[in-house]
Amino acid sequence: MVNDYKENNITLPLIALRGIWIFPHMVIHFDVGREKSVKALEEAMLNDSKILLSSQKDFKVEDPKIDDIYDMGTIAVIKQTLKLPNGSTRVLVEGVDRARITSLEEKDGYLLADAIEYTYEFEDIEVEDKTKAAIRLVLDDVKEYINYSPQIAQEVMLGLMDIEDPGRLADVIASYLQLKLSDHYVILEELNFYSRLEKLHMILGEEIELLKIEEKINRKVKKQLDKVQREYYLKEQLNVIKSELGESDLDDDVMEEYMKKIESKKLPKYAEEAARKELKRMGQMSPASPEINVSRTYLDYLLDLPWAKTTKDKIELKDSREILNRDHYGLKQVKERVLEYLAILKRTKSMSGPILCLVGPPGVGKTSIAKSIAESMQRKFVSMRLGGVRDEAEIRGHRKTYIAAMPGRIITLMTKAGTLNPVFLLDEIDKVSSDFRGDPASALLEVLDPEQNDEFTDHFLEVPFDLSKVMFVTTANSTSTIPPALLDRMEVIRVSGYTSEEKFEIAKRHLIPKNLKSHGLKEDEFEISQAALEQLIQNYTRESGVRELERMIARVVRKSVRRMVEEGVDRTKITVQNLSKYAGKARYRDDILEDNPMVGVVTGLAWTEVGGEILQIEVNTMPGTGKVQLTGQLGDIMKESAMAGFSYIRSNAEKLGITDKGFFKDKDIHIHIPEGAIPKDGPSAGISMTTAMVSALTGRKVMNSVAMTGEITLRGRVLPIGGVKEKLLAASRYNIKTVLLPETNKKDIDEIPEKVLKNMKLHYVNDINDVLDIALEPIENA
Ligand code: ADP
């Protein structure tokens, strides 16, 4: 057997596990309570969610040092975390690779380990015959083990037969067995696949012997049973087995406590039955069984769910308006639409109407509006980010038979809300994707469907839970990727980006006071000059919303607090002169668009999910064979649009002043849109690309303070485009003075803030000739 392990040196935060173990490929959950472990978890989450897990040799040691933990551990990825009511954190992790710990230090309150990571690609490994034989031997052992051990389902065997990688097979089997920690270590520590299987074979042999003894005792105890006392003796029987195996008893108090809880909570009948059934099952388990944890998690969720608790709704439009206004500057139309929505809700008194969907770039206040809605209705608020959710189980949970089963996030969040009728924000609903792990979008559809959601069934919980009283609110950056069936159920309210002036007001009225408060500063202890705040907006951030700005403000306030403490001063004043001391170096310059005309470079305006952006389009011509080449990760529609422009240029070459009559045969044209401008598709760069091509072919320079957007037809007509407001806001962020828009977009100008229009000149164009007249230098200069 050739073991091609690669070794990498790594440094990762470490959690010392107590009484449990984890192998690569294994998914488990456990609760983290110790402060060092919680800190290690936080540190890992800040980086790439990777953490090193190693078991303690003695679980009683509170503050383990390197000698107290096994030197071979497992690198795991954190999949999910959940704060529990008792203050600890439940984490779901998946083991990735083995790692040998070489040193351990304490850093910032957590354990940081240097280790050697062992990785390999199974495809590169040749499995030797003796290893193949060892696999058979071990699989036979497992078959026998399962016969004696009812805790492991027969189906497990089928799963094992499919595993070709011998190292992984040994790991998976070991993870199913209830072994002593030291036995697990033996398997974890062994890097050679053959030896690992051999050791597993020995351990399994011993375990099977024990199980045989266990069964013998079982039979003996059974004989002594009197029918009436059967229940009592069943427990005794378990105790006998446990003491034979040297194990302690499952805490009777725990069972008692659950029983009391079941009786005191007002569960619906079917839920109560499920709870009792689970408790009974749990009572029959061995205390060392990993299933105990599943059972406990199950009961905890079942008992903690708000089966009957609701808050009383209040919909007073006056109060709602007050709260929306108190928390948000501007957004007039959005607030009106929200109030209309609430008014209808008040009349119909039902949650079965359309679901509110707030659509706009990041940081424009969508989440914050949803929070205000909850507050004004006096409902609890919970939110779930759907960005990147691919696995249906994240929404609907895993079945209990799955090793690390947990309920889905809908149920966990309902527990967190503690009421049946919270406002439930489904954030980034446009970012849900699906793959082999199921179709989260269809699970969501069920959650949002008033015909079905009163009986929402989580795979883990198995009993229906009523979601019909929940007020769902969703957010998205764009409606284009929301599955149509979901979009049908929604009432879309668009929230657009802010002008610099609006950002200024938002910062002054909301972001700064909020941050002073959270950092424990009084209003008179901190001041920022108007010019400094303007710089923060213009030169430190360039976004549609105010998220980055809020982060910058938090940074400035944090630094101020620190300086005040360190230097013993009691006030901070931020000015343009000292701004960089608090905020760091400015990231953007005012003058990125130099106002000197160039050939073949045009500024386009684009709409993206994160707001408007400017797009630099560059065109070069060179001797060639008439090819038009496009680079910079452009979508198909954009390419077609460039070709349409090119056709127009070919058929109007003379009129456009192109002197090289054979340019379409003897020149190649290269259109490039540099990296960074996301996403580069859609027809709206048509006139910009055409203008850049004309400029490159004629040598006429493009005025650089001009930006444009519009689709082009083969005949050179200019067609309307979308996202006018976001595009103009972007132009104003970049200080662009002249903007060319399709004539047919004139109607969209009503919604553009005065302040934006004041500083720029708009030209409405019908035809590419209008564009060229304005954007290119006059012919006599060329
Ligand atoms: P989104 O959900 O759209 O990404 P958030 O609601 O998270 O944005 O907003 C980011 C931050 O900016 C929050 O602190 C929010 O309160 C604040 N904010 C956004 N828009 C406004 C506004 N119009 N007035 C006051 N604060 C705002």
# chains A, B, ... in the order shown; residues from 1 in each chain; ligands from 1
call {"tool": "residues_around", "arguments": {"residues": "Gly205 in chain A", "least_positions_apart": "4", "cutoff": "8 Å", "atoms": "only C-alpha atoms", "output": "list in words"}}
result
Asp141, His201 and Glu209 of chain A
call {"tool": "residues_around", "arguments": {"residues": "Thr401 in chain A", "least_positions_apart": "2", "cutoff": "12 Å", "atoms": "only C-alpha atoms", "output": "number ranges by chain"}}
result
A: 151-156, 290-291, 294-295, 298, 397-399, 403-406, 459-462
call {"tool": "closest_atom_pairs", "arguments": {"of": "chain A", "to": "ligand 1", "cutoff": "9 Å", "atoms": "only C-alpha atoms and all ligand atoms", "output": "JSON lines"}}
result
{"residue": "A:Asn325", "atom": "CA", "partner": "ligand 1", "partner_atom_place_in_ligand_line": "24 (N)", "distance": 8.4}
{"residue": "A:Arg326", "atom": "CA", "partner": "ligand 1", "partner_atom_place_in_ligand_line": "25 (C)", "distance": 8.5}
{"residue": "A:Asp327", "atom": "CA", "partner": "ligand 1", "partner_atom_place_in_ligand_line": "25 (C)", "distance": 5.6}
{"residue": "A:His328", "atom": "CA", "partner": "ligand 1", "partner_atom_place_in_ligand_line": "24 (N)", "distance": 3.3}
{"residue": "A:Tyr329", "atom": "CA", "partner": "ligand 1", "partner_atom_place_in_ligand_line": "24 (N)", "distance": 4.0}
{"residue": "A:Gly330", "atom": "CA", "partner": "ligand 1", "partner_atom_place_in_ligand_line": "23 (N)", "distance": 5.5}
{"residue": "A:Leu331", "atom": "CA", "partner": "ligand 1", "partner_atom_place_in_ligand_line": "23 (N)", "distance": 5.9}
{"residue": "A:Leu358", "atom": "CA", "partner": "ligand 1", "partner_atom_place_in_ligand_line": "3 (O)", "distance": 8.2}
{"residue": "A:Val359", "atom": "CA", "partner": "ligand 1", "partner_atom_place_in_ligand_line": "3 (O)", "distance": 8.1}
{"residue": "A:Gly360", "atom": "CA", "partner": "ligand 1", "partner_atom_place_in_ligand_line": "3 (O)", "distance": 6.6}
{"residue": "A:Pro361", "atom": "CA", "partner": "ligand 1", "partner_atom_place_in_ligand_line": "3 (O)", "distance": 6.4}
{"residue": "A:Pro362", "atom": "CA", "partner": "ligand 1", "partner_atom_place_in_ligand_line": "4 (O)", "distance": 3.7}
{"residue": "A:Gly363", "atom": "CA", "partner": "ligand 1", "partner_atom_place_in_ligand_line": "8 (O)", "distance": 3.4}
{"residue": "A:Val364", "atom": "CA", "partner": "ligand 1", "partner_atom_place_in_ligand_line": "3 (O)", "distance": 4.0}
{"residue": "A:Gly365", "atom": "CA", "partner": "ligand 1", "partner_atom_place_in_ligand_line": "6 (O)", "distance": 3.1}
{"residue": "A:Lys366", "atom": "CA", "partner": "ligand 1", "partner_atom_place_in_ligand_line": "3 (O)", "distance": 3.6}
{"residue": "A:Thr367", "atom": "CA", "partner": "ligand 1", "partner_atom_place_in_ligand_line": "2 (O)", "distance": 3.6}
{"residue": "A:Ser368", "atom": "CA", "partner": "ligand 1", "partner_atom_place_in_ligand_line": "6 (O)", "distance": 3.7}
{"residue": "A:Ile369", "atom": "CA", "partner": "ligand 1", "partner_atom_place_in_ligand_line": "6 (O)", "distance": 6.5}
{"residue": "A:Ala370", "atom": "CA", "partner": "ligand 1", "partner_atom_place_in_ligand_line": "6 (O)", "distance": 8.0}
{"residue": "A:Lys371", "atom": "CA", "partner": "ligand 1", "partner_atom_place_in_ligand_line": "6 (O)", "distance": 8.4}
{"residue": "A:Asp427", "atom": "CA", "partner": "ligand 1", "partner_atom_place_in_ligand_line": "2 (O)", "distance": 7.8}
{"residue": "A:Glu428", "atom": "CA", "partner": "ligand 1", "partner_atom_place_in_ligand_line": "2 (O)", "distance": 9.0}
{"residue": "A:Thr475", "atom": "CA", "partner": "ligand 1", "partner_atom_place_in_ligand_line": "2 (O)", "distance": 7.3}
{"residue": "A:Ala476", "atom": "CA", "partner": "ligand 1", "partner_atom_place_in_ligand_line": "3 (O)", "distance": 8.6}
{"residue": "A:Asn477", "atom": "CA", "partner": "ligand 1", "partner_atom_place_in_ligand_line": "3 (O)", "distance": 8.5}
{"residue": "A:Val495", "atom": "CA", "partner": "ligand 1", "partner_atom_place_in_ligand_line": "3 (O)", "distance": 7.9}
{"residue": "A:Gly497", "atom": "CA", "partner": "ligand 1", "partner_atom_place_in_ligand_line": "20 (N)", "distance": 8.9}
{"residue": "A:Tyr498", "atom": "CA", "partner": "ligand 1", "partner_atom_place_in_ligand_line": "23 (N)", "distance": 8.2}
{"residue": "A:Glu502", "atom": "CA", "partner": "ligand 1", "partner_atom_place_in_ligand_line": "23 (N)", "distance": 7.9}
{"residue": "A:Lys503", "atom": "CA", "partner": "ligand 1", "partner_atom_place_in_ligand_line": "23 (N)", "distance": 8.1}
{"residue": "A:Glu505", "atom": "CA", "partner": "ligand 1", "partner_atom_place_in_ligand_line": "24 (N)", "distance": 8.3}
{"residue": "A:Ile506", "atom": "CA", "partner": "ligand 1", "partner_atom_place_in_ligand_line": "25 (C)", "distance": 5.0}
{"residue": "A:Ala507", "atom": "CA", "partner": "ligand 1", "partner_atom_place_in_ligand_line": "26 (N)", "distance": 7.5}
{"residue": "A:Arg509", "atom": "CA", "partner": "ligand 1", "partner_atom_place_in_ligand_line": "25 (C)", "distance": 7.5}
{"residue": "A:His510", "atom": "CA", "partner": "ligand 1", "partner_atom_place_in_ligand_line": "25 (C)", "distance": 5.3}
{"residue": "A:Leu511", "atom": "CA", "partner": "ligand 1", "partner_atom_place_in_ligand_line": "26 (N)", "distance": 6.3}
{"residue": "A:Lys514", "atom": "CA", "partner": "ligand 1", "partner_atom_place_in_ligand_line": "14 (O)", "distance": 8.3}
{"residue": "A:Gly545", "atom": "CA", "partner": "ligand 1", "partner_atom_place_in_ligand_line": "19 (C)", "distance": 6.6}
{"residue": "A:Val546", "atom": "CA", "partner": "ligand 1", "partner_atom_place_in_ligand_line": "12 (O)", "distance": 5.2}
{"residue": "A:Arg547", "atom": "CA", "partner": "ligand 1", "partner_atom_place_in_ligand_line": "10 (C)", "distance": 4.7}
{"residue": "A:Glu548", "atom": "CA", "partner": "ligand 1", "partner_atom_place_in_ligand_line": "10 (C)", "distance": 8.5}
{"residue": "A:Leu549", "atom": "CA", "partner": "ligand 1", "partner_atom_place_in_ligand_line": "12 (O)", "distance": 8.3}
{"residue": "A:Glu550", "atom": "CA", "partner": "ligand 1", "partner_atom_place_in_ligand_line": "11 (C)", "distance": 6.5}
call {"tool": "residues_around", "arguments": {"residues": "range 717-725 of chain A", "least_positions_apart": "5", "cutoff": "9 Å", "atoms": "only C-alpha atoms", "output": "MDAnalysis selection string"}}
result
chainID A and resid 496:497 606:608 611:612 683:684 686:687 709:712 730 741:745 748:749 751:753 765:769
call {"tool": "select_by_dssp", "arguments": {"residues": "range 360-491 of chain A", "states": "helix (DSSP H, G or I)", "output": "number ranges by chain"}}
result
A: 366-376, 392-396, 409-417, 429-431, 440-448, 453-455, 484-487
call {"tool": "write_last_selection", "arguments": {"atoms": "C-alpha atoms", "output": "tab-separated table (two decimals), in the first residue's frame"}}
result
chain	number	residue	atom	x	y	z
A	366	LYS	CA	-33.77	46.82	3.78
A	367	THR	CA	-33.08	44.83	6.94
A	368	SER	CA	-33.53	47.88	9.04
A	369	ILE	CA	-36.96	48.58	7.51
A	370	ALA	CA	-38.04	45.02	8.25
A	371	LYS	CA	-36.92	45.49	11.87
A	372	SER	CA	-38.94	48.67	12.14
A	373	ILE	CA	-42.00	46.87	10.79
A	374	ALA	CA	-41.60	44.24	13.50
A	375	GLU	CA	-41.17	46.86	16.19
A	376	SER	CA	-44.16	48.87	15.08
A	392	GLU	CA	-32.51	21.78	1.52
A	393	ALA	CA	-31.66	20.44	4.98
A	394	GLU	CA	-30.61	23.92	6.09
A	395	ILE	CA	-34.24	24.92	5.74
A	396	ARG	CA	-36.03	21.72	6.58
A	409	ARG	CA	-33.05	26.98	10.44
A	410	ILE	CA	-36.73	27.79	10.14
A	411	ILE	CA	-37.42	25.76	13.27
A	412	THR	CA	-34.30	26.96	15.14
A	413	LEU	CA	-35.25	30.54	14.44
A	414	MET	CA	-38.83	30.01	15.51
A	415	THR	CA	-37.45	28.74	18.81
A	416	LYS	CA	-35.31	31.83	19.04
A	417	ALA	CA	-38.29	34.07	18.29
A	429	ILE	CA	-33.78	35.29	-1.30
A	430	ASP	CA	-32.30	35.86	-4.77
A	431	LYS	CA	-29.16	33.99	-3.74
A	440	PRO	CA	-34.07	24.74	-1.13
A	441	ALA	CA	-36.22	26.98	-3.31
A	442	SER	CA	-39.07	24.52	-3.31
A	443	ALA	CA	-38.73	24.07	0.45
A	444	LEU	CA	-39.01	27.85	0.74
A	445	LEU	CA	-42.06	27.86	-1.45
A	446	GLU	CA	-43.69	25.52	1.00
A	447	VAL	CA	-42.68	27.74	3.90
A	448	LEU	CA	-44.21	30.77	2.22
A	453	ASN	CA	-47.40	26.42	5.89
A	454	ASP	CA	-49.74	25.79	8.79
A	455	GLU	CA	-48.38	22.26	8.72
A	484	PRO	CA	-40.59	32.82	-10.67
A	485	ALA	CA	-42.86	30.72	-8.46
A	486	LEU	CA	-41.53	32.62	-5.43
A	487	LEU	CA	-41.61	35.98	-7.14
call {"tool": "select_by_dssp", "arguments": {"residues": "range 25-188 of chain A", "states": "strand (DSSP E)", "output": "number ranges by chain"}}
result
A: 27-32, 50-55, 72-83, 89-107, 110-119
